[in-house]
Amino acid sequence: MNAFRFQTVPTVVVEFGAARRLGALLREQFPSAKRLCVVTDGFLHKSGLLAPALADLTKHDWQVSVIDDVIADPPEHVVLEAAERARAADAEIVLGLGGGSSMDVAKLLAVLLPGTQSIKEMYGVKKVTGTRLPLVQMPTTAGTGSEVTAVSIVTTGETTKMGVVAPQLFADLAILDAELTLGLPRAATAATGIDAMVHAIEAYTSAHLKNPISDMLAVKALELLSRNLLPACNDGANRNAREAMLVGAMFAGQSFANSPVAAVHALAYPIGGIFHVAHGLSNALVLSHVMRFNAPAASKLYAELADVILPLKATGSDEAKTDALIGHIESMIVDTAIPRTLRDVGVKQDDIGRMASDAMLQTRLLVNNPREVSEADAFAIYSAAF
């Protein structure tokens, strides 16, 4: 067996209704702290979804400052402005409460506040120096897995993104409360759920750092996600499906935090960056086409996943099982009713060349793909997805 290192969040709490006793949970974890900075978005704050959590924080003597102006694909200036507000509040602990963007910003605040580095010095892999403030993550969608990853994505230009990847970004505590995900709209449930499936599929087939623990987590994640995605989409109040999706997304996050994602994400980034398409949907648009491209190099691994997702249905050779797996995933995406083609999200034929060129910049991701991707290959994949 190859040597490997596996890292993840040291403490995870999975509890339906945990948000309603958040103050008590944090007091148990951080008995002497007082000042908490909650990082979220305006919709969650104004909707009242956070009200029970905020009430319990007050009940347990937390001095809470709420930063609620996080937006999807957060620009660098949003991160820096949030850091100034958290610094002014003299925050002792940072809590990311929301989707992947809120949790990503929370990670960056935790390392920016006590440190001397600028955010630009942190972009890249293992560029963060020093320590961070205590960090807690609480997701309200089942998708990004950001609560258990060491990655934060920042929009750095009109169409460009950069990543901060460093072990300091692993939280101290992740709290999974499926009650917060009840009633999530169908489209958001589908896109985030497929995003989580992509994490598991790419982690299982990654050319670098794949290991027995990441494999185990990816397999369990796919089992939970594939069986519960459509039930969660069809009934927003299905507690069992919501809990399974949330735990599955976390397992997928733990997996790809250690066995990194690849070409699906690399090709999704230009879709999100140029056309402002949500990350999960961007992944869904290219997923099956990248899998078909990868099949000559990854059919054995795809066949193993087919045995998990399609027990007794995927039979025959590895290639036959791979075809069955891809077909099943395509069918799931159709059944969720989210957009299926690049045309559906505003991409024009003339845009494909630029997208292919931009995708080649994602070397951090492309190096993990089981099959080398050229710019011509990216162009062909986008064309198939068009």
# chains A, B, ... in the order shown; residues from 1 in each chain; ligands from 1
>>> select_by_dssp(residues="region 39-224 of chain A", states="strand (DSSP E or B)", output="PyMOL selection string")
chain A and resi 39+63-67+75+93-98+124-125+135-139+151-155+161-165+173-176
>>> residues_around(residues="region 91-93 of chain A", least_positions_apart="5", cutoff="9 Å", atoms="only C-alpha atoms", output="ChimeraX atom specification")
/A:30,33-38,64-65,86,110,113,133-136
>>> closest_residue(among="A:Ala263, A:Asn238, A:Arg227, A:Met1", to="Pro311 (chain A)", atoms="only C-alpha atoms")
A:Arg227
>>> atom_distance(atom1="CA of Ser282 (chain A)", atom2="CA of Ala268 (chain A)")
4.9 Å
>>> select_by_dssp(residues="region 73-256 of chain A", states="helix (DSSP H, G or I)", output="JSON, numbers by chain")
{"A": [76, 77, 78, 79, 80, 81, 82, 83, 84, 85, 86, 87, 88, 100, 101, 102, 103, 104, 105, 106, 107, 108, 109, 110, 111, 112, 119, 120, 121, 122, 146, 147, 148, 167, 168, 169, 178, 179, 180, 181, 186, 187, 188, 189, 190, 191, 192, 193, 194, 195, 196, 197, 198, 199, 200, 201, 202, 203, 204, 212, 213, 214, 215, 216, 217, 218, 219, 220, 221, 222, 223, 224, 225, 226, 227, 228, 229, 230, 231, 232, 233, 234, 239, 240, 241, 242, 243, 244, 245, 246, 247, 248, 249, 250, 251, 252, 253, 254, 255, 256]}
>>> residues_around(residues="Lys161 (chain A)", least_positions_apart="5", cutoff="9 Å", atoms="only C-alpha atoms", output="list in words")
Asp73, Pro75, Ile153, Val154, Thr155, Thr156, Tyr269 and Gly273 of chain A
>>> atom_distance(atom1="CA of Asn369 (chain A)", atom2="CA of Thr322 (chain A)")
16.6 Å
>>> residues_around(residues="Met360 (chain A)", least_positions_apart="2", cutoff="12 Å", atoms="only C-alpha atoms", output="ChimeraX atom specification")
/A:262-263,265-270,353-358,362-367,372-379
>>> decode(residues="region 110-124 of chain A", atoms="all heavy atoms", output="PDB file, in the first residue's frame")
ATOM      1  N   ALA A 110     -11.013  33.325   9.565  1.00  0.00           N
ATOM      2  CA  ALA A 110     -10.306  32.676  10.675  1.00  0.00           C
ATOM      3  C   ALA A 110      -8.794  32.764  10.527  1.00  0.00           C
ATOM      4  O   ALA A 110      -8.076  32.865  11.530  1.00  0.00           O
ATOM      5  CB  ALA A 110     -10.748  31.218  10.794  1.00  0.00           C
ATOM      6  N   VAL A 111      -8.288  32.732   9.283  1.00  0.00           N
ATOM      7  CA  VAL A 111      -6.836  32.823   9.097  1.00  0.00           C
ATOM      8  C   VAL A 111      -6.371  34.268   8.890  1.00  0.00           C
ATOM      9  O   VAL A 111      -5.216  34.600   9.193  1.00  0.00           O
ATOM     10  CB  VAL A 111      -6.338  31.946   7.924  1.00  0.00           C
ATOM     11  CG1 VAL A 111      -6.517  30.481   8.253  1.00  0.00           C
ATOM     12  CG2 VAL A 111      -7.030  32.282   6.611  1.00  0.00           C
ATOM     13  N   LEU A 112      -7.244  35.134   8.382  1.00  0.00           N
ATOM     14  CA  LEU A 112      -6.843  36.521   8.153  1.00  0.00           C
ATOM     15  C   LEU A 112      -6.763  37.322   9.451  1.00  0.00           C
ATOM     16  O   LEU A 112      -5.865  38.151   9.619  1.00  0.00           O
ATOM     17  CB  LEU A 112      -7.836  37.211   7.203  1.00  0.00           C
ATOM     18  CG  LEU A 112      -7.707  36.870   5.716  1.00  0.00           C
ATOM     19  CD1 LEU A 112      -8.924  37.380   4.947  1.00  0.00           C
ATOM     20  CD2 LEU A 112      -6.427  37.474   5.142  1.00  0.00           C
ATOM     21  N   LEU A 113      -7.694  37.078  10.382  1.00  0.00           N
ATOM     22  CA  LEU A 113      -7.780  37.933  11.567  1.00  0.00           C
ATOM     23  C   LEU A 113      -6.536  37.914  12.445  1.00  0.00           C
ATOM     24  O   LEU A 113      -6.025  38.971  12.817  1.00  0.00           O
ATOM     25  CB  LEU A 113      -9.027  37.578  12.391  1.00  0.00           C
ATOM     26  CG  LEU A 113     -10.237  38.482  12.121  1.00  0.00           C
ATOM     27  CD1 LEU A 113     -10.654  38.416  10.658  1.00  0.00           C
ATOM     28  CD2 LEU A 113     -11.409  38.106  12.999  1.00  0.00           C
ATOM     29  N   PRO A 114      -5.989  36.726  12.792  1.00  0.00           N
ATOM     30  CA  PRO A 114      -4.816  36.738  13.671  1.00  0.00           C
ATOM     31  C   PRO A 114      -3.491  36.859  12.923  1.00  0.00           C
ATOM     32  O   PRO A 114      -2.446  37.021  13.545  1.00  0.00           O
ATOM     33  CB  PRO A 114      -4.896  35.388  14.378  1.00  0.00           C
ATOM     34  CG  PRO A 114      -5.530  34.495  13.365  1.00  0.00           C
ATOM     35  CD  PRO A 114      -6.486  35.349  12.573  1.00  0.00           C
ATOM     36  N   GLY A 115      -3.529  36.786  11.609  1.00  0.00           N
ATOM     37  CA  GLY A 115      -2.292  36.694  10.846  1.00  0.00           C
ATOM     38  C   GLY A 115      -1.810  38.014  10.295  1.00  0.00           C
ATOM     39  O   GLY A 115      -2.439  39.064  10.449  1.00  0.00           O
ATOM     40  N   THR A 116      -0.680  37.946   9.609  1.00  0.00           N
ATOM     41  CA  THR A 116      -0.081  39.129   8.991  1.00  0.00           C
ATOM     42  C   THR A 116      -0.051  39.009   7.474  1.00  0.00           C
ATOM     43  O   THR A 116       0.355  39.941   6.788  1.00  0.00           O
ATOM     44  CB  THR A 116       1.359  39.319   9.497  1.00  0.00           C
ATOM     45  OG1 THR A 116       2.118  38.134   9.211  1.00  0.00           O
ATOM     46  CG2 THR A 116       1.371  39.570  10.996  1.00  0.00           C
ATOM     47  N   GLN A 117      -0.512  37.875   6.953  1.00  0.00           N
ATOM     48  CA  GLN A 117      -0.516  37.685   5.507  1.00  0.00           C
ATOM     49  C   GLN A 117      -1.678  38.425   4.855  1.00  0.00           C
ATOM     50  O   GLN A 117      -2.757  38.555   5.436  1.00  0.00           O
ATOM     51  CB  GLN A 117      -0.676  36.196   5.170  1.00  0.00           C
ATOM     52  CG  GLN A 117       0.572  35.364   5.273  1.00  0.00           C
ATOM     53  CD  GLN A 117       0.257  33.931   4.883  1.00  0.00           C
ATOM     54  OE1 GLN A 117      -0.413  33.217   5.620  1.00  0.00           O
ATOM     55  NE2 GLN A 117       0.735  33.517   3.722  1.00  0.00           N
ATOM     56  N   SER A 118      -1.454  38.856   3.618  1.00  0.00           N
ATOM     57  CA  SER A 118      -2.566  39.347   2.815  1.00  0.00           C
ATOM     58  C   SER A 118      -3.248  38.145   2.165  1.00  0.00           C
ATOM     59  O   SER A 118      -2.657  37.061   2.056  1.00  0.00           O
ATOM     60  CB  SER A 118      -2.063  40.297   1.725  1.00  0.00           C
ATOM     61  OG  SER A 118      -1.339  39.571   0.737  1.00  0.00           O
ATOM     62  N   ILE A 119      -4.472  38.344   1.720  1.00  0.00           N
ATOM     63  CA  ILE A 119      -5.180  37.233   1.088  1.00  0.00           C
ATOM     64  C   ILE A 119      -4.474  36.784  -0.191  1.00  0.00           C
ATOM     65  O   ILE A 119      -4.440  35.604  -0.521  1.00  0.00           O
ATOM     66  CB  ILE A 119      -6.661  37.607   0.822  1.00  0.00           C
ATOM     67  CG1 ILE A 119      -7.452  36.349   0.449  1.00  0.00           C
ATOM     68  CG2 ILE A 119      -6.783  38.675  -0.259  1.00  0.00           C
ATOM     69  CD1 ILE A 119      -8.951  36.557   0.426  1.00  0.00           C
ATOM     70  N   LYS A 120      -3.857  37.733  -0.898  1.00  0.00           N
ATOM     71  CA  LYS A 120      -3.162  37.376  -2.146  1.00  0.00           C
ATOM     72  C   LYS A 120      -1.981  36.453  -1.886  1.00  0.00           C
ATOM     73  O   LYS A 120      -1.612  35.640  -2.742  1.00  0.00           O
ATOM     74  CB  LYS A 120      -2.716  38.640  -2.875  1.00  0.00           C
ATOM     75  CG  LYS A 120      -3.865  39.402  -3.542  1.00  0.00           C
ATOM     76  CD  LYS A 120      -3.361  40.628  -4.267  1.00  0.00           C
ATOM     77  CE  LYS A 120      -4.461  41.255  -5.119  1.00  0.00           C
ATOM     78  NZ  LYS A 120      -5.649  41.637  -4.366  1.00  0.00           N
ATOM     79  N   GLU A 121      -1.376  36.574  -0.714  1.00  0.00           N
ATOM     80  CA  GLU A 121      -0.253  35.703  -0.369  1.00  0.00           C
ATOM     81  C   GLU A 121      -0.707  34.285  -0.039  1.00  0.00           C
ATOM     82  O   GLU A 121       0.109  33.364   0.005  1.00  0.00           O
ATOM     83  CB  GLU A 121       0.508  36.281   0.827  1.00  0.00           C
ATOM     84  CG  GLU A 121       1.222  37.585   0.528  1.00  0.00           C
ATOM     85  CD  GLU A 121       1.833  38.202   1.775  1.00  0.00           C
ATOM     86  OE1 GLU A 121       1.102  38.385   2.772  1.00  0.00           O
ATOM     87  OE2 GLU A 121       3.040  38.493   1.760  1.00  0.00           O
ATOM     88  N   MET A 122      -2.013  34.119   0.185  1.00  0.00           N
ATOM     89  CA  MET A 122      -2.539  32.814   0.574  1.00  0.00           C
ATOM     90  C   MET A 122      -2.988  31.974  -0.611  1.00  0.00           C
ATOM     91  O   MET A 122      -3.173  30.761  -0.474  1.00  0.00           O
ATOM     92  CB  MET A 122      -3.725  32.992   1.535  1.00  0.00           C
ATOM     93  CG  MET A 122      -3.379  33.648   2.848  1.00  0.00           C
ATOM     94  SD  MET A 122      -4.856  33.783   3.891  1.00  0.00           S
ATOM     95  CE  MET A 122      -4.157  34.566   5.341  1.00  0.00           C
ATOM     96  N   TYR A 123      -3.203  32.599  -1.772  1.00  0.00           N
ATOM     97  CA  TYR A 123      -3.707  31.847  -2.921  1.00  0.00           C
ATOM     98  C   TYR A 123      -2.720  30.758  -3.333  1.00  0.00           C
ATOM     99  O   TYR A 123      -1.513  31.012  -3.438  1.00  0.00           O
ATOM    100  CB  TYR A 123      -3.965  32.770  -4.107  1.00  0.00           C
ATOM    101  CG  TYR A 123      -5.118  33.731  -3.901  1.00  0.00           C
ATOM    102  CD1 TYR A 123      -5.027  35.060  -4.303  1.00  0.00           C
ATOM    103  CD2 TYR A 123      -6.306  33.310  -3.305  1.00  0.00           C
ATOM    104  CE1 TYR A 123      -6.081  35.949  -4.110  1.00  0.00           C
ATOM    105  CE2 TYR A 123      -7.357  34.186  -3.108  1.00  0.00           C
ATOM    106  CZ  TYR A 123      -7.237  35.503  -3.521  1.00  0.00           C
ATOM    107  OH  TYR A 123      -8.286  36.370  -3.327  1.00  0.00           O
ATOM    108  N   GLY A 124      -3.245  29.561  -3.554  1.00  0.00           N
ATOM    109  CA  GLY A 124      -2.400  28.436  -3.927  1.00  0.00           C
ATOM    110  C   GLY A 124      -2.508  27.328  -2.897  1.00  0.00           C
ATOM    111  O   GLY A 124      -3.420  27.295  -2.066  1.00  0.00           O
TER     112      GLY A 124
END
